[in-house]
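Report on the following structure.
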Amino acid sequence: MLSRSSFTSLVVGVFAVYVAHTCWVMYGIVYTRPCPVAAGSGGAAGCVWPYLARRPKLQLSVYTTTRSSIGAESKVDLVLNVEDFDIESKFERTVNVSVPKKTRNNGTLYAYIFLHHAGILPWHDSKQVHIVSPLTTYMVPKPEEINLLTGESVTQQIEAEKQTNALDEPVSHWRSRLTLNVMVEDFVFDGSSLPADVHRYMKMVQLGKTVHYLPILFIDQLSNRVKDLMVINRSTTELPLTVSYDKISLGKLRFWIHMQDAVYSLQQFGFSEKDADEVKGIFVDTNLYFLALTFFVAAFHLLFDFLAFKNDISFWKKKRSMIGMSTKAVLWRCFSTVVIFLFLLDEQTSLLVLIPAGIGAVIELWKVKKALKMTIKWQGLRPKIQFGTYNDSEKKTEEYDTQAMRYLSYLLYPLCIGGAGYSLLNVKYKSWYSWLINSFVNGVYAFGFLFMLPQLFVNYKMKSVAHLPWKAFTYKAFNTFIDDIFAFIITMPTSHRLACFRDDVVFLVYLYQRWLYPVDKSRVNEYGESYEEKPKKKAHRE
């Protein structure tokens with residue numbers, strides 16, 4: 001059986017191996033081994049040369065059609081034509097696209113992007129490259145929010161019910177952005193070891209004795225965000241399309257291809273369009289160097305999350321006494337964690353935030369069971385709940401706890417009730433349930449840190465912090481500072497973002513109390529042991 005320290009060392013070792021392996025994989029993605037060209041030779045057997053090195057005059061053409069495959073220029077609409085296309089110059093243009101009747105009836109519209117020689121139609125150019133991208137997608141639209149007291153009449157209620165039923169089904173949405181890239185490096189590939197990710201985007205031609213690859217055209221699907229989608233209705237005849245272009249390096253191209261494949265895999269595993277959009281935002285809205293830093297930060301966040309859960313569970317599993325522990329604070333933490341989870345669920349927050357919140361809620365429920373000394377006995381199919389008894393020291397702690405809660409209620413309850421009433425009058429919600437959850441969670445976020453005061457008050461009265469799970473607190477503190485970084489990266493409600501900074505203040509107060517009340521070696525620790533008891537036991541055995 002592994003001890004706690006050896007198990008932690010094993011976890012840290014596995015984590016280090018995982019980080020090292022990930023760095024090696026990332027290096028293999030962004031670095032491509034060039035063809036070993038002989039010095040001074042005009043060509044080398046097995047090498048694939050860039051066609052762009054010949055500096056051809058190119059033209060960019062964008063067509064739309066309802067067909068997923070085309071063989072001629074019939075039934076296609078030209079929406080953008082860039083003559084004398086310069087692959088080194090970025091641009092952004094907005095055009096109006098005619099929406100066919102088939103697309104208005106929940107059909108699909110495709111964009112065909114051609115890169116071909118200037119002055120030649122793409123259908124007649126043997127060295128043209130093209131790529132296809134759907135301009136429409138299907139998604140359940142966001143429910144409309146209303147004022148619960150004054151914002152709807154009886155007629156509006158009936159229309160809202162009809163709309164709610166219709167909202168259960170996905171409808172066609174317009175992708176208003178199309179981001180194009182061309183790989184501009186004059187890179188010479190080794191024909192015997194072409195990267196599989198880039199190979200599927202390559203088209204090769206034989207020119208004399210050498211093989212050349214035509215310009216690599218790429219559509220940045222990660223830039224297609226949910227916020228840019230527009231609902232297509234039957235009265236829509238034209239919609240705007242913003243076409244943007246920028247050059248891309250080989251390393252970034254390979255990295256982007258892998259990220260797009262990863263997002264596609266998430267959708268295949270059941271992630272919704274909104275969940276995938278959160279992952280896209282991490283890559284698109286963040287600088288690549290900052291993104292690399294974010295990866296390491298996220299890896300350490302996972303490690304500290306695991307160690308915090310492990311130590312927290314270990315602490316409460318061995319907890320036999322509630323001396324020095326605020327039961328009210330434990331109950332409040334459980335209530336607030338469950339409310340936050342329900343709020344994030346109601347807001348359709350990313351699974352990246354939702355799953356850890358759900359796990360935390362389950363652990364807090366288990367801690368309440370331990371704090372109240374609850375035991376569940378089954379009498380047939382009917383459960384019977386029994387509560388344990390407190391000793392004199394625990395009753396003294398409970399008196400301090402109740403005293404702190406009484407003082408706190410004078411401030412907290414009026415604030416929460418006033419905030420709920422204000423939001424009911426001035427803020428729009430999807431339903432009464434949404435208002436209730438938002439009122440609870442706003443109270444948790446805005447005044448939740450006040451419920452840490454009973455534990456601080458108990459610490460003050462007992463002049464000790466030795467009864468707190470400091471290992472778990474330390475790991476949670478590291479994660480809190482990491483959450484401060486993620487608060488600006490992952491999309492989440494503003495109140496949840498502000499709560500990350502609130503937790504920093506709470507932990508600093510705990511640190512101050514730890515400095516203020518030095519360790520009393522005669523006081524029992526979280527395992528019911530005293531430092532001074534250990535020498536006595538050894539002397540007795542001798």
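Ordering of the structure tokens sets the chain letters (A, B, ...); residue numbers start at 1 within each chain; ligands are numbered from 1 in the order shown.
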| message | If DSSP is run on the backbone, what residues of stretch 97-314 of chain A are helix (DSSP H, G or I)? A reply as JSON, numbers by chain would be ideal. | response | {"A": [101, 102, 103, 104, 122, 123, 124, 154, 155, 156, 157, 158, 159, 160, 161, 162, 163, 164, 165, 166, 167, 191, 192, 193, 196, 197, 198, 199, 221, 222, 223, 226, 227, 228, 250, 251, 252, 253, 254, 255, 256, 257, 258, 259, 260, 261, 262, 263, 264, 265, 266, 267, 268, 273, 274, 275, 276, 277, 278, 279, 280, 281, 282, 283, 284, 288, 289, 290, 291, 292, 293, 294, 295, 296, 297, 298, 299, 300, 301, 302, 303, 304, 305, 306, 307, 308, 309, 310, 311, 312, 313, 314]}
| message | I want to know what sits within 9 Å of A:Cys416, based on only C-alpha atoms, with residues of the same chain fewer than 3 positions away left out; could you give that as number ranges by chain? | response | A: 412-413, 419-421, 439-440, 442-444, 446-447
Shell of 9 Å around A:Asp186, only C-alpha atoms, local chain residues under 6 positions omitted, as a PDB file with C-alpha atoms, in the first residue's frame:
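Result saved to selection02.pdb:
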```pdb
ATOM      1  CA  TRP A  49       9.636  22.211 -54.305  1.00  0.00           C
ATOM      2  CA  PRO A  50       7.309  25.208 -53.749  1.00  0.00           C
ATOM      3  CA  TYR A  51       5.517  26.454 -56.853  1.00  0.00           C
ATOM      4  CA  LEU A  52       5.276  29.906 -55.252  1.00  0.00           C
ATOM      5  CA  ALA A  53       9.064  30.228 -55.576  1.00  0.00           C
TER       6      ALA A  53
END
```
| note | Computed gap from atom CA of A:Cys334 to atom CA of A:Glu364 is 4.9 Å
